[in-house]
Amino acid sequence: MSAASLLYPAPPTIEERSGSEFIPAHPMPLRRDPNLLQIVIGARRSLIEGWTESYYRSGIDSFRILRRQIVFVNSPELIRYVVVTRHGNFERKSPQMRRALEALLGDGLFISDGETWKRRRPLVADIVHKRRLPEFGQTMEDAALAVAEEWGALPAGSEVELTEEMGRLTATIISRAVFGKNIPRDAAQRVIDGFSAYQRQTDAFNLGYFLGADDGWPAFGGKRRRRAMAMVHDVIESVINAHLAGEGDAGSMVDLLIRRNQKSGGEPLDLAALRNEAATIFMAGHETTATTLAWAWYLLANAPWVARHVHEEIETACGTRAPTLADLPRLRWCRAVIQETLRLYPPVPLLPRQALEADRIGPVDVEKSALVMIAPWLLHRSVDLWEKPNHFLPERFLSGTRIDPFAYIPFAVGPRICPGMNFGLDEATLCLAILAQRFEVRPREGYKVEPVCRLTLRPKGGLPARIVARSSRPPL
């Protein structure tokens, strides 16, 4: 146990099963607010563990950490004010997030703002628009079927690590979609390992910001962080260079990005800008969908009554053939499982913004450069916004009840909503359906699942599980 953990132990993880109900793993809310030392230790360990019960309901709160005002916005109407009504004042990501990711993503769309964001957002939004999904559907199907073939060849009782398995799957899909080129298995593994290591070595607290530096301190990191960053960049740059050398497809996202930019009459995207946007699309499309699928398998394994609905639906919609993109309108349980997974485990559970100028959010006066925090992790589990908020209940997305778009924000909301939302939803739903048709995934007996967040929300130590072929599975 580290010295920090001895000073401030992590809260226990809650996980409960009873009858046909499942409350999946989440940290127990704190009984009292942590002090400054505990805030720093907790934030460096996991960004979702430091909340008391009072934060798991809608409202707004303001407090200070050293010289910085922190404003927590956790009600749909006030979130709308921040991200829509006053978008121009709160569009900028927090210094912690910018500093944590700038070495990896440069000025890519996820952390850019101002003119750079305004210029590139339409370009990226166009190439990942939902009308382009049919162009990438075959890529999704082929990649998922390839994983199904690999799983089918495993010896009985074989164990895999789900975040890595889903990471290789989504890396294959996004590589083919972005670059028009299949990524080798070892290259996909380097991206997975590199991003995992980068998260471990990244300090998301940024002490300089709380001491008064409005842009925070640069995150220099160390040798391990630089090595992790190089692992990711080397793979992405190699596929970009291959594309520029004519080895990619004409319909790839990078090709569309270049042609769309030329058509718009904007400044040409130089190699650095191209790499940054490609890296952003690659990392966002790979990491978020991979973790969502890993969490979905964990949830299904612990809720067999939901798994039965999923299997029956796939059989009704597809019979013995593999699910395709065209089947998604009939795979409502599969989609609901992904939607509920995103509610319980939003890939980016904190959406911090920085106030460009002083403002007023509801009853709170906001200082210039204050940290304005919107937290899907808290919002999605607010007791006054959701029935049984900690339960796994995918049927809540099947009931026809209108869900407030500012109470459910796994892809953010407003002008900065993730442009790849529809791509990611369809990709996760289709991959789940193709693999669930043939296999059950059973987490290791007695393994303690613990969600942690440094940049994205992941299961601590991964999710080891056995792959079990279903007796009624169709042939490959």
# chains A, B, ... in the order shown; residues from 1 in each chain; ligands from 1
>>> select_by_dssp(residues="segment 125-279 of chain A", states="alpha helix (DSSP H)", output="PyMOL selection string")
chain A and resi 125-127+133-152+162-179+185-201+207-210+223-242+253-264+271-279
>>> closest_atom_pairs(of="segment 41-145 of chain A", to="segment 426-433 of chain A", cutoff="9 Å", atoms="only C-alpha atoms", output="JSON lines")
{"residue": "A:Leu133", "atom": "CA", "partner": "A:Asp426", "partner_atom": "CA", "distance": 8.3}
{"residue": "A:Gly137", "atom": "CA", "partner": "A:Glu427", "partner_atom": "CA", "distance": 8.1}
{"residue": "A:Met140", "atom": "CA", "partner": "A:Glu427", "partner_atom": "CA", "distance": 6.4}
{"residue": "A:Glu141", "atom": "CA", "partner": "A:Cys431", "partner_atom": "CA", "distance": 7.3}
{"residue": "A:Ala143", "atom": "CA", "partner": "A:Cys431", "partner_atom": "CA", "distance": 8.5}
{"residue": "A:Ala144", "atom": "CA", "partner": "A:Cys431", "partner_atom": "CA", "distance": 5.6}
{"residue": "A:Leu145", "atom": "CA", "partner": "A:Cys431", "partner_atom": "CA", "distance": 8.5}
>>> write_last_selection(atoms="all heavy atoms", output="tab-separated table (two decimals), in the first residue's frame")
chain	number	residue	atom	x	y	z
A	133	LEU	N	-22.68	6.68	-41.54
A	133	LEU	CA	-22.56	5.40	-40.84
A	133	LEU	C	-22.61	4.19	-41.77
A	133	LEU	O	-21.84	3.23	-41.59
A	133	LEU	CB	-23.64	5.28	-39.76
A	133	LEU	CG	-23.34	6.06	-38.48
A	133	LEU	CD1	-24.56	6.07	-37.56
A	133	LEU	CD2	-22.15	5.45	-37.75
A	137	GLY	N	-20.29	0.73	-41.68
A	137	GLY	CA	-20.95	-0.42	-41.06
A	137	GLY	C	-20.25	-1.74	-41.33
A	137	GLY	O	-20.11	-2.58	-40.43
A	140	MET	N	-17.27	-2.25	-39.10
A	140	MET	CA	-17.66	-2.68	-37.76
A	140	MET	C	-18.00	-4.16	-37.73
A	140	MET	O	-17.55	-4.90	-36.86
A	140	MET	CB	-18.87	-1.87	-37.28
A	140	MET	CG	-18.65	-0.37	-37.16
A	140	MET	SD	-20.19	0.48	-36.71
A	140	MET	CE	-19.69	2.20	-36.83
A	141	GLU	N	-18.80	-4.60	-38.71
A	141	GLU	CA	-19.22	-6.01	-38.76
A	141	GLU	C	-18.01	-6.92	-38.93
A	141	GLU	O	-17.87	-7.93	-38.22
A	141	GLU	CB	-20.21	-6.20	-39.91
A	141	GLU	CG	-21.53	-5.47	-39.72
A	141	GLU	CD	-22.32	-5.37	-41.00
A	141	GLU	OE1	-22.08	-6.19	-41.92
A	141	GLU	OE2	-23.17	-4.47	-41.12
A	143	ALA	N	-14.84	-6.44	-38.22
A	143	ALA	CA	-13.95	-6.47	-37.05
A	143	ALA	C	-14.55	-7.28	-35.92
A	143	ALA	O	-13.85	-8.08	-35.26
A	143	ALA	CB	-13.67	-5.04	-36.58
A	144	ALA	N	-15.85	-7.13	-35.68
A	144	ALA	CA	-16.50	-7.89	-34.61
A	144	ALA	C	-16.53	-9.38	-34.94
A	144	ALA	O	-16.32	-10.23	-34.06
A	144	ALA	CB	-17.91	-7.36	-34.37
A	145	LEU	N	-16.77	-9.72	-36.20
A	145	LEU	CA	-16.77	-11.13	-36.61
A	145	LEU	C	-15.38	-11.75	-36.48
A	145	LEU	O	-15.24	-12.93	-36.17
A	145	LEU	CB	-17.30	-11.26	-38.04
A	145	LEU	CG	-18.81	-11.04	-38.20
A	145	LEU	CD1	-19.17	-10.94	-39.68
A	145	LEU	CD2	-19.59	-12.17	-37.53
>>> residues_around(residues="Ala125 of chain A", least_positions_apart="3", cutoff="8 Å", atoms="only C-alpha atoms", output="ChimeraX atom specification")
/A:121-122,128-129,419-420
>>> write_last_selection(atoms="N, CA, C and O atoms", output="CSV table (one decimal), in the first residue's frame")
chain,number,residue,atom,x,y,z
A,121,ARG,N,-14.3,22.2,-36.0
A,121,ARG,CA,-15.5,21.4,-35.6
A,121,ARG,C,-16.4,21.0,-36.8
A,121,ARG,O,-16.8,19.8,-36.9
A,122,PRO,N,-16.7,21.9,-37.7
A,122,PRO,CA,-17.6,21.5,-38.9
A,122,PRO,C,-16.9,20.4,-39.7
A,122,PRO,O,-17.6,19.6,-40.3
A,128,VAL,N,-17.9,12.4,-39.4
A,128,VAL,CA,-18.4,11.4,-38.6
A,128,VAL,C,-20.0,11.5,-38.4
A,128,VAL,O,-20.6,10.9,-37.5
A,129,HIS,N,-20.6,12.3,-39.3
A,129,HIS,CA,-22.0,12.5,-39.2
A,129,HIS,C,-22.8,11.1,-39.4
A,129,HIS,O,-22.3,10.2,-40.1
A,419,PRO,N,-19.1,14.8,-31.6
A,419,PRO,CA,-19.5,14.7,-33.0
A,419,PRO,C,-19.7,13.2,-33.4
A,419,PRO,O,-20.4,12.9,-34.4
A,420,GLY,N,-18.9,12.3,-32.7
A,420,GLY,CA,-19.0,10.9,-33.1
A,420,GLY,C,-20.0,10.1,-32.3
A,420,GLY,O,-19.9,8.9,-32.2
>>> atom_distance(atom1="atom CA of Arg332 of chain A", atom2="atom CA of Leu398 of chain A")
7.4 Å
>>> residues_around(residues="segment 311-322 of chain A", least_positions_apart="6", cutoff="7 Å", atoms="only C-alpha atoms", output="list of chain:residue names")
A:Arg330, A:Leu331, A:Ala433, A:Ile434, A:Gln437, A:Pro474
>>> residues_around(residues="segment 197-213 of chain A", least_positions_apart="5", cutoff="6 Å", atoms="only C-alpha atoms", output="PyMOL selection string")
chain A and resi 66-68+96+225+228
>>> decode(residues="segment 448-475 of chain A", atoms="N, CA and C atoms", output="compact mmCIF listing (two decimals), in the first residue's frame")
# COMPACT_ATOMS: atom_id res chain seq x y z
N LYS A 448 -12.76 -8.55 -7.69
CA LYS A 448 -13.34 -7.30 -7.21
C LYS A 448 -13.26 -6.24 -8.31
N VAL A 449 -14.39 -5.82 -8.81
CA VAL A 449 -14.44 -4.79 -9.85
C VAL A 449 -14.50 -3.42 -9.17
N GLU A 450 -13.62 -2.53 -9.62
CA GLU A 450 -13.53 -1.21 -9.00
C GLU A 450 -13.37 -0.15 -10.09
N PRO A 451 -14.38 0.72 -10.30
CA PRO A 451 -14.23 1.77 -11.31
C PRO A 451 -13.33 2.90 -10.81
N VAL A 452 -12.41 3.31 -11.65
CA VAL A 452 -11.52 4.44 -11.33
C VAL A 452 -11.43 5.35 -12.54
N CYS A 453 -11.15 6.61 -12.27
CA CYS A 453 -11.00 7.58 -13.37
C CYS A 453 -9.80 8.46 -13.13
N ARG A 454 -8.94 8.51 -14.16
CA ARG A 454 -7.89 9.52 -14.20
C ARG A 454 -8.14 10.44 -15.39
N LEU A 455 -8.31 9.88 -16.56
CA LEU A 455 -8.79 10.64 -17.72
C LEU A 455 -10.13 10.08 -18.18
N THR A 456 -10.19 8.75 -18.30
CA THR A 456 -11.44 8.08 -18.64
C THR A 456 -11.79 7.08 -17.54
N LEU A 457 -13.03 6.61 -17.56
CA LEU A 457 -13.53 5.72 -16.51
C LEU A 457 -13.28 4.27 -16.89
N ARG A 458 -12.41 3.63 -16.13
CA ARG A 458 -12.00 2.26 -16.43
C ARG A 458 -12.14 1.37 -15.21
N PRO A 459 -12.23 0.05 -15.40
CA PRO A 459 -12.14 -0.87 -14.27
C PRO A 459 -10.68 -1.00 -13.83
N LYS A 460 -10.42 -0.75 -12.56
CA LYS A 460 -9.06 -0.82 -12.04
C LYS A 460 -8.50 -2.22 -12.23
N GLY A 461 -7.36 -2.29 -12.88
CA GLY A 461 -6.73 -3.58 -13.10
C GLY A 461 -7.36 -4.40 -14.21
N GLY A 462 -8.31 -3.81 -14.93
CA GLY A 462 -8.95 -4.52 -16.03
C GLY A 462 -10.11 -5.37 -15.58
N LEU A 463 -10.63 -6.17 -16.52
CA LEU A 463 -11.77 -7.05 -16.27
C LEU A 463 -11.47 -8.45 -16.82
N PRO A 464 -10.82 -9.31 -16.04
CA PRO A 464 -10.56 -10.68 -16.51
C PRO A 464 -11.86 -11.47 -16.56
N ALA A 465 -12.05 -12.22 -17.63
CA ALA A 465 -13.31 -12.95 -17.79
C ALA A 465 -13.09 -14.18 -18.66
N ARG A 466 -13.96 -15.19 -18.47
CA ARG A 466 -13.96 -16.38 -19.31
C ARG A 466 -14.95 -16.17 -20.46
N ILE A 467 -14.58 -16.67 -21.63
CA ILE A 467 -15.44 -16.63 -22.80
C ILE A 467 -16.08 -18.00 -22.95
N VAL A 468 -17.41 -18.02 -22.92
CA VAL A 468 -18.14 -19.29 -22.98
C VAL A 468 -19.05 -19.27 -24.20
N ALA A 469 -18.85 -20.26 -25.08
CA ALA A 469 -19.68 -20.34 -26.28
C ALA A 469 -21.11 -20.71 -25.90
N ARG A 470 -22.07 -20.03 -26.49
CA ARG A 470 -23.48 -20.34 -26.25
C ARG A 470 -23.86 -21.59 -27.03
N SER A 471 -24.66 -22.44 -26.43
CA SER A 471 -25.01 -23.72 -27.06
C SER A 471 -25.85 -23.51 -28.32
N SER A 472 -26.60 -22.40 -28.36
CA SER A 472 -27.47 -22.16 -29.51
C SER A 472 -26.86 -21.19 -30.52
N ARG A 473 -25.53 -21.00 -30.39
CA ARG A 473 -24.90 -20.02 -31.27
C ARG A 473 -24.95 -20.47 -32.73
N PRO A 474 -25.05 -19.50 -33.65
CA PRO A 474 -25.02 -19.83 -35.07
C PRO A 474 -23.59 -20.09 -35.52
N PRO A 475 -23.39 -20.77 -36.62
CA PRO A 475 -22.03 -21.00 -37.12
C PRO A 475 -21.41 -19.70 -37.60
